[in-house]
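Here the structure is laid out as structure tokens; the discussion comes afterwards.
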Amino acid sequence: MAEKQTHTFQTEVSQLLDLMIHSLYSNKEIFLRELISNASDAIDKLKFESLSNDSLVEGKENLAIYIDVNKNKNTVTISDNGIGMTEAEVNKNIGTIANSGTKKFLKGLDEKQAQNSNLIGQFGVGFYSAFIVADKVVLTTRKAGSKVKKGIQWTSNGKGKYSTEKVDCPEFGTSITLHIRKDEAEFLHENRLRDIISKYSDHITVPIMMIKPSEDSKDIEYEAVNKANAFWTQDKASLKQKDYDEFYKSLTFDFETPLTQLHNHVEGNLNYISLLYIPSKAPFDMWEPKRKGGIKLYAKRVFIMEDNEELMPLYLRFVKGVIDTADLSLNISREILQGNKVIDTIRKASVSRILKELEKMAKNKPEIYATFWKEFGMVMKEGVVEDFSNKNKIAKLLRFTTNKSDDATQTGTLECYVKSMQKDQKAIYYIAAETYEAAKGSQNDMATIRLDIEVLLLSDRVDEWMVNNFGEFDGIPLKSIAKGDLEDLDSKEDKKIKEEVFKDYEKVIKNLNKILESQVKEVKISNRLSESPSCLVADENEMGGNMERIMKSLGQDIPDTKPILEINPKHPLVKKLKTKMDDDLAKVLFDQAVLSEGGQLKEPSEFIRRMNKLIN
């Protein structure tokens, strides 16, 4: 036996273990579900790998999960003859958390939040749940296809350190022995474990074996304690909502009940089964660039792969579930899936079903849809741009807050907006800002208030990207009230007055253009301001200030563009320029406009100096 090596847990793992042992899991029995699910995944992976290399199974025909209890040693052992792990994989998968989103989430987690968090379900690191009931865990594993002497044993008490050593391992797969704490002795009773398996893991397609009760202690015989049939293949009429919910929780490691599920058996040109769930809570890492999807692909009940982007578009990455088809080869690869007609057809049909279900939910169960929108609304907005073929369907599912809403809650639809438009209104108007308060504040200073025009207030980080690519809804274009001109809002009388005002301020505008030539594209008389002296607007075809700041924060190279400065001829500060052109006042008007749209001043001290000078 090789020398034992001692390692220190990654900081995030230590934090996670501490939270788990002291704060999480009021329902401690879940540890068994987590470990069984991991074992099942390992066997699924071996089945798939062995399709192209049957020597991996080393002559074993029966792949199964075994659970053994040793009351004399106070241990429970969960073992599988699945794919197993190499030493490198053990070090990579146990002792570290690779997901950067997990690290960020843990750093910002306080003790109170931890008590209410389903951390294991969110992180997908169910192995650590063993420490909820055990004060010592020993994992022994050997990669299928490797030599007997290539086994590795991992040992820890969950208190900051773990050890590894190389061992001879006659059987491939993984065995996890839990040394049960004295106060958790209930889990040393076989009947208790059988009940847990029946409750959470009955659907697992791999047999879960336990020793059959017998009066003869020498006659040891194992029996399967789960039904071991694929849940999704069962007749919908025989399943209850509770069954669906329990399967979802075991499939996803989520502790929350899903909002709904879609279970379909399709026969015809294609034969497949899909069981798709819409969760009730967004995963903590939904915005992580490398986040995996949630659909598992099976071919004839054999697990093929998961997390493949070909199965579901990115804007529906929150959808969880299973797709099982008889029309795919068992040795299909991720590369072959790209452009595969079977997958394309299944994906198209699945997306259509999900959108129809959401439409039905919005119509018949608005309170549930409100929950959905709160969790996944920002992601759905991506679909308007990414999924052109379903753009109109997705657009009808969008929700907004407007200048006529009571608060920031997004409840308004584009259909309702169009129905309430003014008689001569030619566009759906919006304003985008970093926050709802900023959008509302900017809009309150616009002419749309005077004209009683409804304006969408956009403050989600995807909003401006969405509307810039939206085009139109129901034949009506979307238009920013902070970009281009708003001449379509002017009456003939307004235009006549504006021409007269321009003549009156022609000299002022000429001088302002000269003073601010390095900062602005041009200076114009505004027909959108009510109270403020000035504002910045973008040219109709250029990026707005808010979008520019977002892109720069993401590290994007943005070409320098100059905004248009609009001045309010009714404001006292602007009127003052008619009497005397003041460089300091001109620059203050520009700086105020920058601040009002949420920008940052290049020279704050100069702004203060100019303001003090004007006040004095």
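Each chain in the structure tokens gets a letter, A, B and so on, in the order shown; residues start at 1 in every chain, and ligands are counted from 1 in the order they appear.
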- Task: Would you please extract all strand (DSSP E) residues from stretch 212-402 of chain A, as assigned by DSSP on the backbone, and give them as a ChimeraX atom specification?
- Result: /A:222-224,260-266,272-278,294-299,302-306,320-325,401-402
- Would you mind reading off the distance between atom CA of A:Leu398 and atom CA of A:Glu375, one decimal, in Å?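 Atom CA of A:Glu375 lies at a distance of 12.8 Å from atom CA of A:Leu398.
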- Task: Would you list the contacts of A:Asn271 as number ranges by chain, taking every protein, DNA or RNA residue within 12 Å and counting only C-alpha atoms, but skipping same-chain residues closer than 6 positions in sequence?
- Result: A: 264-265, 299-300, 323-328, 342-343, 345-346
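Separating atom CA of A:Ser201 from atom CA of A:Asp18 is a distance of 26.8 Å.
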- Task: Write out as a VMD selection string the residues lying within 6 Å of A:Tyr429, counting only C-alpha atoms and excluding same-chain residues fewer than 6 positions away.
- Result: chain A and resid 455 478 to 480
Using all heavy atoms, can you write the selected residues to a file as a PDB file, in the first residue's frame?
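As written to disk, part_6.pdb reads:
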```
ATOM      1  N   VAL A 455     -45.089  54.687 -21.385  1.00  0.00           N
ATOM      2  CA  VAL A 455     -43.692  54.412 -21.716  1.00  0.00           C
ATOM      3  C   VAL A 455     -43.220  53.188 -20.928  1.00  0.00           C
ATOM      4  O   VAL A 455     -43.420  53.109 -19.715  1.00  0.00           O
ATOM      5  CB  VAL A 455     -42.792  55.619 -21.381  1.00  0.00           C
ATOM      6  CG1 VAL A 455     -41.327  55.301 -21.680  1.00  0.00           C
ATOM      7  CG2 VAL A 455     -43.236  56.853 -22.155  1.00  0.00           C
ATOM      8  N   LEU A 478     -40.661  49.731 -31.926  1.00  0.00           N
ATOM      9  CA  LEU A 478     -40.288  50.183 -30.580  1.00  0.00           C
ATOM     10  C   LEU A 478     -39.337  51.357 -30.722  1.00  0.00           C
ATOM     11  O   LEU A 478     -38.410  51.314 -31.533  1.00  0.00           O
ATOM     12  CB  LEU A 478     -39.626  49.065 -29.781  1.00  0.00           C
ATOM     13  CG  LEU A 478     -40.569  48.129 -29.016  1.00  0.00           C
ATOM     14  CD1 LEU A 478     -41.334  47.220 -29.969  1.00  0.00           C
ATOM     15  CD2 LEU A 478     -39.806  47.289 -27.996  1.00  0.00           C
ATOM     16  N   LYS A 479     -39.542  52.400 -29.939  1.00  0.00           N
ATOM     17  CA  LYS A 479     -38.748  53.622 -30.073  1.00  0.00           C
ATOM     18  C   LYS A 479     -38.356  54.147 -28.697  1.00  0.00           C
ATOM     19  O   LYS A 479     -39.187  54.261 -27.804  1.00  0.00           O
ATOM     20  CB  LYS A 479     -39.558  54.685 -30.820  1.00  0.00           C
ATOM     21  CG  LYS A 479     -38.796  55.993 -31.081  1.00  0.00           C
ATOM     22  CD  LYS A 479     -39.653  56.953 -31.886  1.00  0.00           C
ATOM     23  CE  LYS A 479     -38.952  58.284 -32.106  1.00  0.00           C
ATOM     24  NZ  LYS A 479     -37.730  58.157 -32.906  1.00  0.00           N
ATOM     25  N   SER A 480     -37.070  54.455 -28.547  1.00  0.00           N
ATOM     26  CA  SER A 480     -36.568  55.032 -27.296  1.00  0.00           C
ATOM     27  C   SER A 480     -36.892  56.510 -27.239  1.00  0.00           C
ATOM     28  O   SER A 480     -36.677  57.239 -28.218  1.00  0.00           O
ATOM     29  CB  SER A 480     -35.061  54.823 -27.191  1.00  0.00           C
ATOM     30  OG  SER A 480     -34.526  55.562 -26.119  1.00  0.00           O
TER      31      SER A 480
END
```
- Query: What's the 7 Å shell around stretch 510-515 of chain A, counting only C-alpha atoms, without same-chain residues fewer than 4 positions away, as a ChimeraX atom specification?
  - Reply: /A:506,522-523,583,586
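Compared by their closest atoms to A:Lys507, and using only C-alpha atoms, the residues A:Leu601, A:Thr579, A:Leu239, A:Ala438 rank with A:Thr579 nearest.
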- Between atom CA of A:Arg353 and atom CA of A:Arg461 - distance in Å to one decimal: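 These two atoms are separated by 27.6 Å.
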- Query: If we count only C-alpha atoms, what is near A:Ala439 at a cut-off of 7 Å, once residues fewer than 4 positions away on the same chain are taken out, given as a ChimeraX atom specification?
  - Reply: /A:431-433,435,443,457-459
Keeping C-alpha atoms, export the residues of the selection given above as a compact mmCIF listing (two decimals), in the first residue's frame.
```txt
# COMPACT_ATOMS: atom_id res chain seq x y z
CA ILE A 431 -36.68 54.35 -21.83
CA ALA A 432 -33.74 52.26 -20.59
CA ALA A 433 -31.69 52.97 -17.47
CA THR A 435 -32.37 51.05 -12.34
CA GLN A 443 -39.28 59.58 -17.93
CA LEU A 457 -39.49 51.52 -18.12
CA LEU A 458 -36.58 49.15 -18.81
CA SER A 459 -33.92 48.43 -16.21
```
- Note on the structure: Using only C-alpha atoms, the residue out of A:Gly160, A:Pro569, A:Pro477, A:Gly598 with shortest distance to A:Ser534 is A:Pro569
- Residues at most 10 Å from A:Glu603, counting only C-alpha atoms, excluding those fewer than 4 positions away in the same chain, as a ChimeraX atom specification? /A:591,607-608
- Task: Measuring atom to atom with only C-alpha atoms, identify which of A:Asp485, A:Glu540, A:Glu171, A:Glu359 is nearest to A:Glu566.
- Result: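 Answer, going by the shortest atom-to-atom distance: A:Asp485.
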- Task: Tell me which of A:Asp424, A:Asp80, A:Glu246, A:Asp183 sits closest to A:Thr140, counting only C-alpha atoms.
- Result: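 Once distances to A:Thr140 are computed over only C-alpha atoms, the minimum belongs to A:Asp80.
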- Query: Which is closer to A:Val351 than all the others in A:Thr11, A:Gln5, A:Ser389, A:Asn53, using only C-alpha atoms?
  - Reply: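 Among the listed residues, A:Ser389 lies closest to A:Val351.
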- A:Pro572 proximity check over A:Pro604, A:Pro533, A:Gly145, A:Gly173, using only C-alpha atoms: winner is A:Pro533
- Task: Run DSSP on the backbone and grab whatever in stretch 304-514 of chain A lands in helix (DSSP H, G or I); send it over as a PyMOL selection string.
- Result: chain A and resi 314-316+334-337+341-364+366-386+388-397+414-419+436-443+447-450+463-468+487-489+492-504+506-514
